[in-house]
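Below is one structure; the comments refer to it alone.
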Amino acid sequence: MKIPRLQNAVFLGALALAAWPLLTSGPKSAFNLEGFGRLPLLDGGRVKPIDSFARNSLLSVRSKQNVSMDGQRLSAVRWLLDASFKPEAADTYPSFVIDDPEVLGLLGLEQSKGRYFAYWQIEPKREDVQKQAANADVKPSGGRSRFDEAVLALERRLTLYERIKNTFMLSGSGDPSRELAAFADLLPGATRSMHAAKPSKKDQETIKALTEMLQRYNFMAQISAFKAIPPQLGEPAEAWANTGEALVRPARGLGAHPAVASFAQMGSAYRSGDGSAFNAALAAYAQWLAENRPTEVRMAHVEALFNKSQPFISGIALYIIALLLVFAAWALGREDVAAAARAAAWAAFIVHTLGLIARTALQGRPPVTNLYSSAVFVGWGSVLLGMIAERIHRKGFAVAGSSAIGFTTLVIAHHLSASGDTMEMMRAVLDSNFWLATHVITITIGYSSTYLAGMLAIAWVIRRHLLLKPDSESTKALSSLTYGIVAFSLLFSFIGTVLGGIWADQSWGRFWGWDPKENGALLIVLWHAIILHARWGGYARERGIMLMAIFGNIIVSLSWFGVNMLGIGLHSYGFMDKAFWWLTAFVASQLLLMLLGTLPPRFWTQREA
């Protein structure tokens, strides 16, 4: 097969692989689970589909987006439906990940390979968990033990699950449609009884029954996990309500919301196993939404489609394929395999780009708004630069380096997504102006290029020790690429830092305040300047520049992630401490690679006398 034809085949095959999730359907069900998952709701300050909330919630509770039960894999939407309308069934699902031995001891559970436990197994010790979590919560974050952190995490998961169970109806209340009908029948009579001059015994019983129901609905209003009742025509866009709030409205003379009856009908049909009735109620409500809230419906549908496609998961797989093809091309010395590697890398980049564009459009914000999105964007920028560099020096180094970075950053983003909604609303101080958007994007491009330079330098070190007779032309190309990318990174890091100062002056009234994040940005600029000056002044030659470029990975990682672990300063928006050991391991690996680079080529071989 000719090389252009092979490239096209690999490229199209890779794109087809990425599009496969969109072409497949979930397990057969009498209920329109996908349609229910596309319904909009309000959570975390933004409108999203039920599918997104279900996925994020199950990821927080179980660290996965599905539940395995009796050999069957249940989707996140199915899990949420069961938790909402069939809690007695959902309580038996192994939904909670628990791997701390002390927490298992508190619950009286034995440690198992599965690490997953059902709510019914935890419920007998629910008060003990709540008490231990309250004790741990009053301690400063730095003074908490491993058990404290584990029991706090379990308490958050249990609370979220319990809130979901009481969102559409009170857990264990029975048939929601029948209860809603009883409430509607009771309300007029109770209203008349309250205005009666001398309420009879029957009036008093009616008022008491209404009061009890309103107490239940007020409890639902306080504990509901999200707001699924949209504003009606003429109401403000932010006037979303949860089911409890919507049920209290008729008692206040505000009128019943049609969505309440629709969800009650869906709940009753789901509980009774009537798929036709569920789908009919869903279709009627979807029609009402399309007529009254078309914008929210459209955005929810797009986001549900984005969730189903999972472009970044596909990107991880395609970057691995590209990397393996590069290794095969080097081992076999075949140009057709190298061309296939480039085609796979381009396909991965396109999938990565489409995912980034979709996130930006859904959020209506710049591509970098939090730690998760910064990981996605850093990988994207590195791959873009790498593919441009590969056009200049077609040796495969740039494809390998950028694919490795694209894979690594998307894996990091995938693990960061376990913390919750990755498209959350920005903090007020960040949700500001043009200078912030340009600052974040520009300085993140600086991160991307630094990692690419560092990865190329790592390739230089490994190649130096693996090849018996390295090609001098390839070595020169690799060195030239690294130096050029370092210069590019200095430019964007410096401009990004200055733009950040302009934004800080407008937001906080000062250009520079020696904040930890600001110091980290300055260190990146200074280190790149040191590399260039060391080269210009002759203090460092090829090997020295490469080792310094590897050390740049450490500086950027400490500025990007390390500062967030401090939990202090004006920039500590993405505080996280679970990645400490991963960051430590990464820094150690870079130091070992630098040490390897200082040793003579193939130092382990014996030299002949």
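In the structure tokens, the first chain shown is A, the next is B, and so on; residue numbers restart at 1 for each chain, and ligands run from 1 in the order shown.
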For this session: Name the residues in contact with Leu80 of chain A at a cut-off of 7 Å, using only C-alpha atoms, excluding same-chain residues fewer than 4 positions from it; report them as a list in words.
Result: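 What passes the distance filter is Ala54, Ala76 and Ser84 of chain A.
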For those residues, write N, CA and C atoms to a file as a PDB file, in the first residue's frame.
ATOM      1  N   ALA A  54     -25.914  12.924  36.714  1.00  0.00           N
ATOM      2  CA  ALA A  54     -25.829  11.515  37.100  1.00  0.00           C
ATOM      3  C   ALA A  54     -24.404  10.998  36.985  1.00  0.00           C
ATOM      4  N   ALA A  76     -25.220   5.583  34.422  1.00  0.00           N
ATOM      5  CA  ALA A  76     -25.389   6.577  35.488  1.00  0.00           C
ATOM      6  C   ALA A  76     -26.836   7.056  35.558  1.00  0.00           C
ATOM      7  N   SER A  84     -33.760   7.577  42.702  1.00  0.00           N
ATOM      8  CA  SER A  84     -34.846   8.541  42.869  1.00  0.00           C
ATOM      9  C   SER A  84     -36.200   7.874  43.074  1.00  0.00           C
TER      10      SER A  84
END
For this session: Could you give me the residues within segment 294-427 of chain A that DSSP places in alpha helix (DSSP H), as number ranges by chain?
Result: A: 294-309, 311-332, 335-363, 371-392, 397-416
Problem set entry | Within 8 Å of segment 148-161 of chain A using only C-alpha atoms, minus same-chain residues under 6 positions, as a PyMOL selection string | chain A and resi 57+60-61+83+96+98+100+103+129-130+132-133+136-137+225
Can those selected residues be exported to a file as an mmCIF file, in the first residue's frame so that it contains C-alpha atoms?
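part_2.cif, freshly written:
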data_model
loop_
_atom_site.group_PDB
_atom_site.id
_atom_site.type_symbol
_atom_site.label_atom_id
_atom_site.label_comp_id
_atom_site.auth_asym_id
_atom_site.auth_seq_id
_atom_site.Cartn_x
_atom_site.Cartn_y
_atom_site.Cartn_z
ATOM 1 C CA SER A 57 -22.566 12.115 41.042
ATOM 2 C CA SER A 60 -18.020 11.156 43.074
ATOM 3 C CA VAL A 61 -19.692 8.262 44.884
ATOM 4 C CA ALA A 83 -32.038 6.040 43.472
ATOM 5 C CA PHE A 96 -19.781 3.281 47.410
ATOM 6 C CA ILE A 98 -14.373 2.350 50.475
ATOM 7 C CA ASP A 100 -9.588 2.634 54.020
ATOM 8 C CA VAL A 103 -13.334 3.117 57.895
ATOM 9 C CA VAL A 129 -19.994 7.855 60.245
ATOM 10 C CA GLN A 130 -21.747 11.177 60.762
ATOM 11 C CA GLN A 132 -16.695 10.725 63.121
ATOM 12 C CA ALA A 133 -17.016 13.051 60.125
ATOM 13 C CA ALA A 136 -12.796 15.332 61.577
ATOM 14 C CA ASP A 137 -14.405 18.398 60.023
ATOM 15 C CA ALA A 225 -29.781 17.483 45.223
#
Exercise. Which is closer to Val47 of chain A than all the others in A:Leu12, A:Ala264, A:Ala290, A:Ala300, using only C-alpha atoms?
Worked result: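 The closest residue to Val47 of chain A is A:Ala300.
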Exercise. Taking only C-alpha atoms into account, which of A:Val486, A:Gly552, A:Ala413, A:Trp380 comes nearest Leu532 of chain A?
Worked result: A:Val486
For this session: Can you pull out every residue within 12 Å of Ala317 of chain A, counting only C-alpha atoms, but drop anything in the same chain fewer than 2 positions away, and send it as a PyMOL selection string?
Result: chain A and resi 14-15+17-18+310-315+319-324+344-345+347-349+351-352+403-404+406-408+410-411
So which residues touch Ala259 of chain A within 8 Å, counting only C-alpha atoms, skipping near sequence neighbours fewer than 5 positions away, as a PDB file with N, CA and C atoms, in the first residue's frame?
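That gives us selection_8.pdb:
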ATOM      1  N   ILE A 229     -37.121  21.672  38.104  1.00  0.00           N
ATOM      2  CA  ILE A 229     -38.347  22.351  37.654  1.00  0.00           C
ATOM      3  C   ILE A 229     -37.960  23.694  37.035  1.00  0.00           C
ATOM      4  N   PRO A 230     -38.085  23.836  35.705  1.00  0.00           N
ATOM      5  CA  PRO A 230     -37.627  25.060  35.036  1.00  0.00           C
ATOM      6  C   PRO A 230     -38.601  26.214  35.203  1.00  0.00           C
ATOM      7  N   TYR A 285     -43.555  15.863  28.437  1.00  0.00           N
ATOM      8  CA  TYR A 285     -42.763  16.884  29.137  1.00  0.00           C
ATOM      9  C   TYR A 285     -41.690  17.468  28.220  1.00  0.00           C
TER      10      TYR A 285
END
Exercise. So which residues touch Gln232 of chain A within 12 Å, counting only C-alpha atoms, skipping near sequence neighbours fewer than 5 positions away, as a list in words?
Worked result: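 Near Gln232 of chain A, the qualifying residues are Ala237, Glu238, Ala239, Trp240, Ala241, Ala246, Leu254, Gly255, Ala256, His257, Pro258, Ala259, Trp288, Leu289, Ala290, Glu291, Asn292, Arg293 and Pro294 of chain A.
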Give me a file of those residues, with N, CA and C atoms, as a PDB file, in the first residue's frame.
ATOM      1  N   ALA A 237     -34.963  33.798  34.170  1.00  0.00           N
ATOM      2  CA  ALA A 237     -34.234  32.610  33.719  1.00  0.00           C
ATOM      3  C   ALA A 237     -33.645  31.821  34.874  1.00  0.00           C
ATOM      4  N   GLU A 238     -33.374  32.502  35.983  1.00  0.00           N
ATOM      5  CA  GLU A 238     -32.764  31.823  37.133  1.00  0.00           C
ATOM      6  C   GLU A 238     -33.801  31.241  38.099  1.00  0.00           C
ATOM      7  N   ALA A 239     -35.090  31.341  37.768  1.00  0.00           N
ATOM      8  CA  ALA A 239     -36.150  30.928  38.700  1.00  0.00           C
ATOM      9  C   ALA A 239     -36.418  29.434  38.638  1.00  0.00           C
ATOM     10  N   TRP A 240     -35.365  28.629  38.668  1.00  0.00           N
ATOM     11  CA  TRP A 240     -35.524  27.180  38.729  1.00  0.00           C
ATOM     12  C   TRP A 240     -35.900  26.787  40.157  1.00  0.00           C
ATOM     13  N   ALA A 241     -36.556  25.652  40.296  1.00  0.00           N
ATOM     14  CA  ALA A 241     -36.968  25.176  41.615  1.00  0.00           C
ATOM     15  C   ALA A 241     -36.773  23.673  41.689  1.00  0.00           C
ATOM     16  N   ALA A 246     -41.472  23.450  44.279  1.00  0.00           N
ATOM     17  CA  ALA A 246     -42.595  23.550  43.341  1.00  0.00           C
ATOM     18  C   ALA A 246     -43.888  23.035  43.953  1.00  0.00           C
ATOM     19  N   LEU A 254     -49.493  30.128  44.183  1.00  0.00           N
ATOM     20  CA  LEU A 254     -48.703  30.410  42.993  1.00  0.00           C
ATOM     21  C   LEU A 254     -49.026  29.478  41.832  1.00  0.00           C
ATOM     22  N   GLY A 255     -49.829  28.460  42.069  1.00  0.00           N
ATOM     23  CA  GLY A 255     -50.214  27.552  41.001  1.00  0.00           C
ATOM     24  C   GLY A 255     -49.235  26.408  40.826  1.00  0.00           C
ATOM     25  N   ALA A 256     -49.758  25.263  40.391  1.00  0.00           N
ATOM     26  CA  ALA A 256     -48.926  24.071  40.217  1.00  0.00           C
ATOM     27  C   ALA A 256     -48.114  24.174  38.926  1.00  0.00           C
ATOM     28  N   HIS A 257     -46.906  23.635  38.957  1.00  0.00           N
ATOM     29  CA  HIS A 257     -46.040  23.628  37.780  1.00  0.00           C
ATOM     30  C   HIS A 257     -46.281  22.339  37.009  1.00  0.00           C
ATOM     31  N   PRO A 258     -46.435  22.401  35.675  1.00  0.00           N
ATOM     32  CA  PRO A 258     -46.705  21.175  34.899  1.00  0.00           C
ATOM     33  C   PRO A 258     -45.589  20.142  34.996  1.00  0.00           C
ATOM     34  N   ALA A 259     -44.352  20.577  35.243  1.00  0.00           N
ATOM     35  CA  ALA A 259     -43.247  19.628  35.324  1.00  0.00           C
ATOM     36  C   ALA A 259     -43.393  18.693  36.514  1.00  0.00           C
ATOM     37  N   TRP A 288     -43.296  20.060  26.126  1.00  0.00           N
ATOM     38  CA  TRP A 288     -43.515  21.300  26.879  1.00  0.00           C
ATOM     39  C   TRP A 288     -42.207  22.086  27.008  1.00  0.00           C
ATOM     40  N   LEU A 289     -41.110  21.376  27.270  1.00  0.00           N
ATOM     41  CA  LEU A 289     -39.811  22.041  27.384  1.00  0.00           C
ATOM     42  C   LEU A 289     -39.407  22.695  26.069  1.00  0.00           C
ATOM     43  N   ALA A 290     -39.614  21.990  24.962  1.00  0.00           N
ATOM     44  CA  ALA A 290     -39.234  22.530  23.656  1.00  0.00           C
ATOM     45  C   ALA A 290     -39.995  23.809  23.339  1.00  0.00           C
ATOM     46  N   GLU A 291     -41.226  23.914  23.830  1.00  0.00           N
ATOM     47  CA  GLU A 291     -42.036  25.100  23.567  1.00  0.00           C
ATOM     48  C   GLU A 291     -41.730  26.246  24.532  1.00  0.00           C
ATOM     49  N   ASN A 292     -41.319  25.916  25.746  1.00  0.00           N
ATOM     50  CA  ASN A 292     -41.154  26.937  26.778  1.00  0.00           C
ATOM     51  C   ASN A 292     -39.695  27.265  27.096  1.00  0.00           C
ATOM     52  N   ARG A 293     -38.780  26.296  27.001  1.00  0.00           N
ATOM     53  CA  ARG A 293     -37.368  26.529  27.321  1.00  0.00           C
ATOM     54  C   ARG A 293     -36.489  25.964  26.215  1.00  0.00           C
ATOM     55  N   PRO A 294     -36.625  26.448  24.970  1.00  0.00           N
ATOM     56  CA  PRO A 294     -35.889  25.845  23.841  1.00  0.00           C
ATOM     57  C   PRO A 294     -34.370  25.962  23.971  1.00  0.00           C
TER      58      PRO A 294
END
Problem set entry | Shell of 8 Å around Ile524 of chain A, only C-alpha atoms, local chain residues under 6 positions omitted, as a list in words |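 My list of contacting residues is Leu490, Ser493, Gly552, Ile555, Val556 and Ser559 of chain A.
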